[in-house]
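Please read the structure below before turning to the comments.
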Amino acid sequence: MQASDFVRGEVRVTEHRGRDDLLSAGLGLTGLAGAPVPLINPLQPSALDLRRRAIQSSWKGIADLGPLGGYGRAYGGVPDVPGREYQAFAWIPGAKSPHRVLLQVPDAFDLARRCLVVTASSGSRGIYGAIPLAGAWGLPHGCAVAYTDKGAGTGYFDFADDSGVALDGRRAKRGEAWLEFEPPVGARDTGIAFKHAHSGDNPEADWGRHVLQAAKFGLAMLNRAFPAQAPFTPQNTRIIATGLSNGGAAVLQAAGLDTQQLLAGVVALEPNVRVAGQGRALYDYATEASLWLPCALTDTRFAAAPFARGPNGLPPPAWLVRCASLRAEGRIGANTAAAQADEAYQKLRAAGWTDEAMTVAATTTAFDLWRTLTAGYASAYARRGAADMPCDFRYAAMGAAGLPSVTDPITRASWWADSSGIPPGNGIGLYGGVDVSPDPSLRGGNCLRALWDGKGAASSELHASIEATAAQLPSTDLPMWVIHGAEDGLIPTAFSSEPYVAWLRAQGRKPLYWKVPYAQHFDAFLALPGFGERHVPLLPYGYAALDRLWAHLYEGKPWPSEVATPAAQPRGAAALDRARLNLP
């Protein structure tokens with residue numbers, strides 16, 4: 001397949017050398033870890049400034065760049081990598097909206113050992129949302145790196161001025177340019193729309209196709225970059241797929257759909273993966289967590305969990321209110337706060353939650369991520385637009401006191417670069433799904449959960465969309481490595497990687513699996529108080545697995561049938577050193 005078969009509009013080609021490279025946009029490790037790069041013209045920032053900010057925000061949102069975290073010293077690095085970028089909008093057949101694809105070609109691309117790394121953004125991040133994994137490993141190895149935002153991204157559309165995001169990251173009005181996301185025309189007060197939730201495509205069902213299309217785009221652009229050495233094909237260019245979180249799920253989906261045998265190997269970190277009839281869907285356990293974890297976390301067994309107690313040593317008042325709400329609804333029978341907390345805890349334990357996952361999930365709960373995720377995912381699964389989201393949720397610009405307001409033009413101009421995917425954040429709020437009561441968010445939480453538990457048309461539609469996201473069986477001889485943190489509180493291993501790996505093995509496949517002790521979901525959280533001391537980062541184990549895959553593909557090293565999980569140890573109060581990672 002040629003790129004022209006699925007690319008609409010231009011392919012934007014840019015060069016990045018001197019003070020602007022591929023891996024860090026010229027910032028280096030110190031600049032990436034520093035304050036947000038200033039925009040020379042905040043109202044109308046240049047494409048170059050937006051790109052630099054987008055790369056910086058992706059690094060800071062995914063990797064632990066803190067002074068004690070060890071990045072660049074105990075593992076990883078940010079060398080200067082000059083080269084070119086090729087970027088376009090690609091379309092899955094039948095889709096209403098595109099996914100953004102990007103190929104980075106280093107000047108030091110190794111023509112003798114042709115390598116293409118293909119990846120998908122973590123979470124719902126923009127196009128650079130996997131650069132700390134795929135870019136940081138692939139570019140220094142002389143590989144080209146192909147990215148896809150997998151139908152998510154940060155191309156937010158603002159109905160107030162009818163604007164979205166053009167290919168270069170700058171704002172443009174409807175009709176002025178190809179936009180990353182352009183919903184049907186709506187009223188000015190409709191609010192904010194974004195592709196993952198409001199495209200009407202259920203993009204998660206196509207994540208694997210997005211990855212495979214990005215790989216084909218990468219080959220086609222390598223033909224442009226090196227015409228004298230063309231064609232670049234899967235037979236002469238090894239394609240390595242890697243991703244983390246939702247990106248990890250995307251590359252596993254791609255492995256199951258790869259009938260053309262494009263992929264030479266797959267390394268997936270903390271994947272949000274599911275198999276039909278195995279494990280639990282994210283929407284299921286996230287809506288459960290949204291309702292029950294606030295109460296369960298008030299139990300004294302979680303008193304030392306980060307963010308589970310305030311400065312006064314007590315749980316957040318809203319969590320205690322949740323216990324009372326569950327008691328009032330008849331879901332909990334106990335009368336005392338302590339007994340209510342224990343009852344909620346026991347319910348979650350019976351549902352498969354471990355103490356380790358719940359402990360780390362105190363942070364997710366304190367940050368209100370469960371409601372944020374499930375409101376957006378419900379809209380995606382229901383294929384709803386910005387004006388008719390399930391449970392009366394909506395997104396709008398956030399003004400004084402957190403109330404809906406008119407978008408700040410400077411904030412809007414930098415959405416593409418600064419946003420992390422699903423709002424709220426960057427001046428956008430999540431509204432609706434609340435009532436006037438001591439526990440205002442319970443109404444929305446109950447409504448979102450009812451979509452999972454219910455029997456009506458809306459529930460059937462949601463379940464059908466989730467079923468469409470199930471991973472398929474990869475080819476027998478594909479090298480695969482799944483890596484997950486043993487203490488992941490957002491995507492617990494018991495609901496995702498473990499049943500997936502067990503299913504693969506039952507079907508005669510031989511994936512490698514590391515359940516890394518003391519690792520949780522967000523490496524970037526290790527800079528928070530109480531986190532870095534307790535946990536290890538997951539990125540170094542992804543790099544180590546990719547190194548082993550490289551040795552197999554390019555140096556003839558045998559692919560192992562089993563590799564012992566490293567006996568990782570947290571750094572404690574000191575800076576992380578490589579010995580504690582116990583890397584092979």
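Here, A, B, ... name the chains of the structure tokens in the order displayed, residue numbers run from 1 inside each chain, and ligands are numbered from 1 in the same displayed order.
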Give me, as number ranges by chain, the residues of stretch 293-521 of chain A that a backbone DSSP run labels strand (DSSP E or B). A: 394-398, 404, 425, 428-431, 480-485, 512-516, 519
Residue list (alpha helix (DSSP H), DSSP) for stretch 435-546 of chain A, as a VMD selection string: chain A and resid 442 to 453 457 to 467 497 to 506 539 to 546
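Among the candidates A:Leu222, A:Ala527, A:Leu490, A:Val145, the one nearest to A:Ala33 when counting only C-alpha atoms is A:Ala527.
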Proximity check stretch 47-154 of chain A to stretch 188-203 of chain A, 12 Å, nearest pairs one decimal Å, only C-alpha atoms, as CSV:
```
residue,atom,partner,partner_atom,distance
A:Trp91,CA,A:Asp201,CA,11.3
A:Ile92,CA,A:Pro203,CA,9.7
A:Pro93,CA,A:Asp201,CA,10.9
A:Gly94,CA,A:Asp201,CA,8.7
A:Ala95,CA,A:Asp201,CA,6.0
A:Lys96,CA,A:Asp201,CA,6.4
A:Ser97,CA,A:Ser199,CA,6.2
A:Pro98,CA,A:Lys195,CA,8.9
A:His99,CA,A:Lys195,CA,9.1
A:Arg100,CA,A:Lys195,CA,11.0
A:Gly123,CA,A:His196,CA,10.3
A:Ser124,CA,A:His196,CA,7.1
A:Arg125,CA,A:His196,CA,9.9
A:Gly126,CA,A:Lys195,CA,10.8
A:Asp149,CA,A:His196,CA,9.8
A:Lys150,CA,A:Pro203,CA,7.0
A:Gly151,CA,A:Pro203,CA,5.4
A:Ala152,CA,A:His196,CA,4.3
A:Gly153,CA,A:Lys195,CA,7.0
A:Thr154,CA,A:Phe194,CA,7.1
```
Within 10 Å of stretch 492-500 of chain A, which residues of stretch 228-289 of chain A come that close, and what is the closest atom pair and distance in Å for each? Count only C-alpha atoms and give it as a Markdown table.
```
| residue | atom | partner | partner_atom | distance |
| --- | --- | --- | --- | --- |
| A:Ala249 | CA | A:Ser496 | CA | 9.5 |
| A:Leu252 | CA | A:Tyr500 | CA | 9.9 |
| A:Ala268 | CA | A:Ser497 | CA | 9.6 |
| A:Leu269 | CA | A:Ser497 | CA | 9.2 |
| A:Glu270 | CA | A:Ser497 | CA | 7.3 |
| A:Pro271 | CA | A:Ser497 | CA | 6.6 |
| A:Asn272 | CA | A:Ser496 | CA | 6.2 |
| A:Val273 | CA | A:Ser496 | CA | 5.4 |
| A:Arg274 | CA | A:Ser496 | CA | 5.9 |
| A:Val275 | CA | A:Tyr500 | CA | 6.3 |
| A:Ala276 | CA | A:Tyr500 | CA | 9.7 |
| A:Gly277 | CA | A:Pro499 | CA | 9.6 |
| A:Gln278 | CA | A:Pro499 | CA | 5.9 |
| A:Gly279 | CA | A:Phe495 | CA | 4.5 |
| A:Arg280 | CA | A:Phe495 | CA | 5.0 |
| A:Ala281 | CA | A:Phe495 | CA | 7.4 |
| A:Leu282 | CA | A:Phe495 | CA | 8.2 |
| A:Tyr285 | CA | A:Phe495 | CA | 8.4 |
```
Restrict the calculation to only C-alpha atoms, then for each residue of stretch 231-314 of chain A with any atom at most 10 Å from an atom of stretch 346-350 of chain A give the closest atom pair and their distance in Å to one decimal, rows by chain and rising residue number, as CSV.
```
residue,atom,partner,partner_atom,distance
A:Tyr285,CA,A:Leu348,CA,9.5
A:Glu288,CA,A:Leu348,CA,8.4
A:Ala289,CA,A:Leu348,CA,8.2
A:Trp292,CA,A:Leu348,CA,7.5
A:Leu293,CA,A:Leu348,CA,7.9
A:Ala296,CA,A:Leu348,CA,8.1
```
Selection: 10 Å around A:Leu539, only C-alpha atoms, excl. self and same-chain fewer than 6 positions, as a list in words: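 The filter keeps Ile62, Ala63, Asp64, Tyr71, Tyr75, Gly76, Pro132, Leu133, Leu244, Leu269, Ile483, Ala519, Phe522, Asp523 and Ala545 of chain A.
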What's around stretch 436-449 of chain A at 9 Å? Count only C-alpha atoms, leave out sequence neighbours fewer than 5 positions away in its own chain, and write the answer as a list in words. Tyr283, Asp284, Thr287, Glu288, Ser290, Leu291, Ala318, Val321, Arg322, Ser325, Arg371, Thr374, Ala375, Ala378, Pro390, Cys391, Asp392, Phe393 and Gly454 of chain A
Using only C-alpha atoms, pick whichever of A:Gly248, A:Gly427, A:Pro511, A:Gly265 has the shortest atom-to-atom distance to A:Ser405.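 Closest residue, counting only C-alpha atoms: A:Gly427.
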Mind checking which residues fall within 9 Å of A:Ser475, counting only C-alpha atoms, ignoring those fewer than 4 positions away in the same chain, and posting them as a short mmCIF file (atom, residue, chain, number, x, y, z; two decimals) with N, CA and C atoms, in the first residue's frame?
```cif
data_model
loop_
_atom_site.label_atom_id
_atom_site.label_comp_id
_atom_site.auth_asym_id
_atom_site.auth_seq_id
_atom_site.Cartn_x
_atom_site.Cartn_y
_atom_site.Cartn_z
N ALA A 255 -0.42 -6.49 16.40
CA ALA A 255 0.16 -7.82 16.24
C ALA A 255 -0.89 -8.84 15.86
N GLY A 256 -2.09 -8.70 16.42
CA GLY A 256 -3.15 -9.64 16.11
C GLY A 256 -3.80 -9.43 14.75
N ASP A 258 -1.92 -8.34 12.02
CA ASP A 258 -0.82 -8.21 11.07
C ASP A 258 -0.77 -9.40 10.12
N THR A 259 -1.76 -9.51 9.26
CA THR A 259 -1.81 -10.62 8.32
C THR A 259 -0.73 -10.52 7.25
N GLN A 261 2.30 -9.64 7.89
CA GLN A 261 3.56 -9.87 8.61
C GLN A 261 4.53 -8.70 8.43
N ARG A 509 1.38 -19.62 21.95
CA ARG A 509 2.36 -18.56 21.75
C ARG A 509 3.32 -18.54 22.95
#
```
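Nearest to A:Ala304 of all the residues A:Arg534, A:His552, A:Arg505, A:His463 is A:Arg534, counting only C-alpha atoms.
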Closest of A:Thr363, A:Thr411, A:Ser46, A:Ser4 to A:Phe531 - atom-to-atom distances counting only C-alpha atoms: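 Distance minimum relative to A:Phe531 lands on A:Thr363.
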Write out as a PyMOL selection string which residues come within 8 Å of stretch 332-340 of chain A when counting only C-alpha atoms, dropping same-chain ones fewer than 4 positions away. chain A and resi 295-296+298-299+320+323-324+326-328+344
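Residues in contact with A:Val266 at 8 Å, where only C-alpha atoms are counted and same-chain residues fewer than 2 positions away are skipped, are listed as Ile240, Ala241, Thr242, Val251, Leu252, Ala255, Leu263, Ala264, Ala268, Leu478, Pro479, Met480 and Trp481 of chain A.
When only C-alpha atoms are used to compute distances to A:Pro540, the closest of the residues A:Ile491, A:Ala303, A:Ala400, A:Ala568 turns out to be A:Ala568.
For the residues A:Trp178, A:Trp452, A:Phe109, A:Trp559, ranking by smallest atom-to-atom distance to A:Gly155 using only C-alpha atoms places A:Trp178 first.
Interatomic distance, atom CA of A:Val37 to atom CA of A:Asp49: 8.1 Å.
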Would you compute the distance between atom CA of A:Arg170 and atom CA of A:Ala386? Give it in Å to one decimal.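 Interatomic distance, atom CA of A:Arg170 to atom CA of A:Ala386: 21.6 Å.
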